[in-house]
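Trainee: If you scroll down you'll find the structure; I have some questions about it.
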Amino acid sequence: MDRNYTIGLVQMESTTGDTQGNLGKIHSFAEDAAALGVDILCFPEMALHGYGPTQANKLAEPLTSVNVQKISEAAVNLGITLLVGMAEKQISVEKPYLTHLVAYKNGQIAAYRKTHLGQSEEEYFSPGQEFPVFRIQGICFGIGLCWDWHFPEVATIYSLKGAEVLFAPHASPTVIGDRKKLWMRYLGTRAYDNSVYLGACNVLGENGLGQEFQGGALVLSPKGEIISESFRQQEGILTCELSAEHINILRGCERKTMKEIFFLAHRRKELYREIVELDASQDQHSEDE
């Protein structure tokens with residue numbers, strides 16, 4: 001990172017099917033974030049259309065749509081990079097993608113498509129096939145959606161590709177359990193093992209289909225420590241300034257102590273072939289046991 005960057009994590013209520021109402025909220029939050037000096041603002045999973053897998057096919061739209069163009073125009077006019085969840089329609093696939101739009105302040109757009117679909121999503125969405133990294137001047141970041149972060153390889157790939165910040169937009173319902181407690185079981189490890197900042201946010205409130213979401217937002221340091229959090233179950237933006245010096249020391253070549261170590265720089269990847277060959281479902285016991 002060539003300087004400190006300020007990120008914003010939004011927890012908001014998105015009503016499934018009320019795309020224009022959700023879009024209005026997105027624009028309003030973007031205005032507030034720009035006034036606060038936020039460089040990158042991340043919204044929850046499917047914030048544009050509302051999280052409702054059964055409705056995704058009829059709500060999905062391409063990245064060339066009018067609504068996507070409006071988000072892009074807001075990013076340009078406000079001078080901020082916007083990360084917005086949506087259902088994306090593509091003629092090349094039968095089912096839509098669970099996509100996170102990246103709208104740069106220079107007018108360009110890009111996207112991450114969820115690679116690991118939850119069981120309740122597989123019937124309604126197509127899985128993505130790539131882990132792209134995104135760059136704005138002086139910073140590199142990656143995105144994973146909700147269930148993606150239960151797979152350690154995702155964060156490792158991003159870090160090895162140069163990502164310094166990972167964004168984790170969620171649509172996790174209240175019934176799953178306490179959001180902070182659950183996140184800290186694994187997100188802290190993703191940040192620590194890969195020496196990255198990690199920002200997470202979640203959908204809040206009722207989605208219009210009878211499903212409740214708990215909200216929540218937090219930012220973790222490259223050592224897996226909470227440096228900012230909000231679990232008040234209120235719509236809003238959590239902002240956090242990320243120290244360039246902190247991560248540059250970890251990622252640089254002048255590390256002097258184990259406290260400053262970048263673990264991935266010391267991998268023995270010749271030993272890890274089995275990670276892509278072994279299957280968790282195969283019998284772990286020999287026949288003569």
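Naming scheme: A, B, ... for chains in displayed order of the structure tokens; residues 1 onward per chain; ligands 1 onward as shown.
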Which residues are close to Phe29 in chain A, i.e. within 9 Å by only C-alpha atoms, leaving aside same-chain residues fewer than 4 positions away? Reply as a PyMOL selection string.
Mentor: chain A and resi 10+24-25+33-34+41+236-237
Trainee: How about saving the chosen residues, C-alpha atoms kept, as a compact mmCIF listing (two decimals), in the first residue's frame?
Mentor:
# COMPACT_ATOMS: atom_id res chain seq x y z
CA VAL A 10 -22.27 -1.02 5.26
CA GLY A 24 -31.63 4.77 -3.39
CA LYS A 25 -30.14 3.54 -0.11
CA ALA A 33 -19.15 7.68 2.87
CA ALA A 34 -17.65 10.12 0.38
CA LEU A 41 -17.21 1.33 0.36
CA GLY A 236 -25.00 2.52 9.00
CA ILE A 237 -21.40 2.65 7.83
Trainee: Need to verify the contact set: Thr239 in chain A, 8 Å, only C-alpha atoms, exclusion of same-chain residues closer than 4 positions in sequence. Can you return it as a VMD selection string?
Mentor: chain A and resid 6 to 9 38 228
Trainee: I want to know what sits within 12 Å of range 52-54 of chain A, based on only C-alpha atoms, with residues of the same chain fewer than 3 positions away left out; could you give that as a ChimeraX atom specification?
Mentor: /A:14-18,45-49,57-60,86-87,95-98,117-126,171-173,203,206-213
Trainee: Would you mind listing what lies within 6 Å of range 160-167 of chain A as a PDB file with C-alpha atoms, in the first residue's frame, with only C-alpha atoms counted and same-chain residues fewer than 2 positions away left out?
Mentor:
ATOM      1  CA  CYS A 140      -4.857  -4.365  -4.153  1.00  0.00           C
ATOM      2  CA  PHE A 141      -7.918  -6.194  -2.800  1.00  0.00           C
ATOM      3  CA  GLY A 142     -10.033  -9.311  -3.211  1.00  0.00           C
ATOM      4  CA  ILE A 143     -13.670 -10.186  -2.531  1.00  0.00           C
ATOM      5  CA  ILE A 157      -4.885 -17.380  -3.308  1.00  0.00           C
ATOM      6  CA  TYR A 158      -5.819 -13.737  -2.951  1.00  0.00           C
ATOM      7  CA  VAL A 196      -4.192  -9.165   5.123  1.00  0.00           C
ATOM      8  CA  TYR A 197      -6.697  -6.667   6.387  1.00  0.00           C
ATOM      9  CA  LEU A 198     -10.219  -8.087   6.273  1.00  0.00           C
ATOM     10  CA  GLY A 199     -13.498  -6.155   6.292  1.00  0.00           C
ATOM     11  CA  ALA A 200     -16.842  -7.931   6.737  1.00  0.00           C
TER      12      ALA A 200
END
Trainee: Apply DSSP to the structure's backbone, then extract all residues of range 44-96 of chain A labelled strand (DSSP E) and return them as a PyMOL selection string.
Mentor: chain A and resi 81-88
Trainee: Create the file for the chosen residues now, containing N, CA and C atoms and written as a PDB file, in the first residue's frame.
Mentor:
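Listing of result34.pdb after writing:
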ATOM      1  N   THR A  81     -14.744   4.234  -4.690  1.00  0.00           N
ATOM      2  CA  THR A  81     -14.924   2.902  -5.262  1.00  0.00           C
ATOM      3  C   THR A  81     -16.020   2.183  -4.490  1.00  0.00           C
ATOM      4  N   LEU A  82     -17.018   1.661  -5.223  1.00  0.00           N
ATOM      5  CA  LEU A  82     -18.186   1.030  -4.607  1.00  0.00           C
ATOM      6  C   LEU A  82     -18.203  -0.466  -4.913  1.00  0.00           C
ATOM      7  N   LEU A  83     -18.411  -1.265  -3.880  1.00  0.00           N
ATOM      8  CA  LEU A  83     -18.523  -2.714  -4.004  1.00  0.00           C
ATOM      9  C   LEU A  83     -19.954  -3.100  -3.628  1.00  0.00           C
ATOM     10  N   VAL A  84     -20.729  -3.540  -4.602  1.00  0.00           N
ATOM     11  CA  VAL A  84     -22.172  -3.712  -4.408  1.00  0.00           C
ATOM     12  C   VAL A  84     -22.615  -5.108  -4.831  1.00  0.00           C
ATOM     13  N   GLY A  85     -23.318  -5.812  -3.932  1.00  0.00           N
ATOM     14  CA  GLY A  85     -23.820  -7.144  -4.233  1.00  0.00           C
ATOM     15  C   GLY A  85     -25.065  -7.114  -5.099  1.00  0.00           C
ATOM     16  N   MET A  86     -25.174  -8.065  -6.027  1.00  0.00           N
ATOM     17  CA  MET A  86     -26.302  -8.114  -6.953  1.00  0.00           C
ATOM     18  C   MET A  86     -26.446  -9.523  -7.525  1.00  0.00           C
ATOM     19  N   ALA A  87     -27.574  -9.765  -8.193  1.00  0.00           N
ATOM     20  CA  ALA A  87     -27.751 -10.969  -8.995  1.00  0.00           C
ATOM     21  C   ALA A  87     -27.457 -10.586 -10.439  1.00  0.00           C
ATOM     22  N   GLU A  88     -26.514 -11.295 -11.049  1.00  0.00           N
ATOM     23  CA  GLU A  88     -26.071 -10.925 -12.398  1.00  0.00           C
ATOM     24  C   GLU A  88     -26.577 -11.913 -13.441  1.00  0.00           C
TER      25      GLU A  88
END
Trainee: Enter the distance from CA of His27 in chain A to CA of Gln90 in chain A, in Å, rounded to one decimal.
Mentor: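 According to the coordinates, CA of His27 in chain A and CA of Gln90 in chain A are separated by 24.8 Å.
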Trainee: Residues near Glu235 in chain A, anyone? I mean within 12 Å using only C-alpha atoms, not counting same-chain ones fewer than 2 positions away, as a tab-separated table (two decimals) with N, CA and C atoms, in the first residue's frame.
Mentor:
chain	number	residue	atom	x	y	z
A	9	LEU	N	-17.70	-0.21	5.64
A	9	LEU	CA	-18.51	-1.43	5.58
A	9	LEU	C	-19.95	-1.07	5.95
A	10	VAL	N	-20.87	-1.38	5.05
A	10	VAL	CA	-22.27	-1.02	5.26
A	10	VAL	C	-23.07	-2.21	5.76
A	11	GLN	N	-23.84	-2.01	6.82
A	11	GLN	CA	-24.88	-2.97	7.18
A	11	GLN	C	-26.20	-2.28	6.89
A	12	MET	N	-27.03	-2.92	6.07
A	12	MET	CA	-28.26	-2.28	5.62
A	12	MET	C	-29.35	-3.31	5.35
A	13	GLU	N	-30.56	-2.83	5.41
A	13	GLU	CA	-31.72	-3.66	5.10
A	13	GLU	C	-32.02	-3.54	3.61
A	14	SER	N	-32.06	-4.66	2.93
A	14	SER	CA	-32.37	-4.70	1.50
A	14	SER	C	-33.62	-5.54	1.29
A	25	LYS	N	-30.93	3.68	-1.34
A	25	LYS	CA	-30.14	3.54	-0.11
A	25	LYS	C	-28.65	3.47	-0.43
A	26	ILE	N	-28.33	2.71	-1.45
A	26	ILE	CA	-26.92	2.56	-1.84
A	26	ILE	C	-26.33	3.92	-2.19
A	28	SER	N	-27.40	6.86	-1.19
A	28	SER	CA	-27.35	7.69	0.02
A	28	SER	C	-26.14	7.34	0.89
A	29	PHE	N	-25.91	6.03	1.08
A	29	PHE	CA	-24.75	5.60	1.85
A	29	PHE	C	-23.45	6.01	1.17
A	43	PHE	N	-20.77	-2.91	0.32
A	43	PHE	CA	-22.14	-3.22	0.71
A	43	PHE	C	-22.31	-4.73	0.87
A	44	PRO	N	-23.37	-5.18	1.56
A	44	PRO	CA	-23.58	-6.62	1.77
A	44	PRO	C	-23.90	-7.37	0.48
A	201	CYS	N	-19.16	-7.35	6.31
A	201	CYS	CA	-20.43	-6.69	6.60
A	201	CYS	C	-21.57	-7.64	6.25
A	202	ASN	N	-22.74	-7.38	6.83
A	202	ASN	CA	-23.85	-8.31	6.70
A	202	ASN	C	-25.16	-7.56	6.45
A	203	VAL	N	-26.07	-8.25	5.77
A	203	VAL	CA	-27.43	-7.73	5.59
A	203	VAL	C	-28.10	-7.60	6.95
A	204	LEU	N	-28.98	-6.62	7.07
A	204	LEU	CA	-29.68	-6.35	8.32
A	204	LEU	C	-31.19	-6.38	8.11
A	205	GLY	N	-31.91	-6.85	9.12
A	205	GLY	CA	-33.37	-6.74	9.11
A	205	GLY	C	-34.07	-7.79	8.26
A	213	PHE	N	-32.21	-10.96	9.12
A	213	PHE	CA	-30.75	-10.91	9.09
A	213	PHE	C	-30.24	-10.05	10.23
A	214	GLN	N	-29.08	-10.43	10.75
A	214	GLN	CA	-28.59	-9.87	12.00
A	214	GLN	C	-27.72	-8.64	11.85
A	215	GLY	N	-27.27	-8.35	10.64
A	215	GLY	CA	-26.35	-7.24	10.46
A	215	GLY	C	-24.98	-7.55	11.03
A	216	GLY	N	-24.20	-6.51	11.22
A	216	GLY	CA	-22.86	-6.65	11.76
A	216	GLY	C	-21.81	-6.19	10.77
A	217	ALA	N	-20.75	-5.57	11.30
A	217	ALA	CA	-19.63	-5.14	10.47
A	217	ALA	C	-18.39	-5.13	11.35
A	230	SER	N	-18.96	-2.98	14.62
A	230	SER	CA	-20.29	-2.46	14.92
A	230	SER	C	-21.29	-3.60	14.85
A	231	PHE	N	-21.89	-3.92	15.99
A	231	PHE	CA	-22.90	-4.97	16.06
A	231	PHE	C	-24.15	-4.45	16.78
A	232	ARG	N	-24.50	-3.21	16.50
A	232	ARG	CA	-25.63	-2.56	17.17
A	232	ARG	C	-26.97	-2.85	16.50
A	233	GLN	N	-26.93	-3.61	15.40
A	233	GLN	CA	-28.14	-3.93	14.64
A	233	GLN	C	-28.87	-2.66	14.19
A	237	ILE	N	-22.70	2.91	8.42
A	237	ILE	CA	-21.40	2.65	7.83
A	237	ILE	C	-20.35	2.55	8.94
A	238	LEU	N	-19.61	1.49	8.94
A	238	LEU	CA	-18.44	1.37	9.81
A	238	LEU	C	-17.22	1.79	8.99
Trainee: Just checking: using only C-alpha atoms, which residue out of A:Gly188, A:Leu218, A:Gln69, A:Glu153 ends up closest to Ile275 in chain A?
Mentor: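 Of A:Gly188, A:Leu218, A:Gln69, A:Glu153, the one nearest Ile275 in chain A, counting only C-alpha atoms, is A:Glu153.
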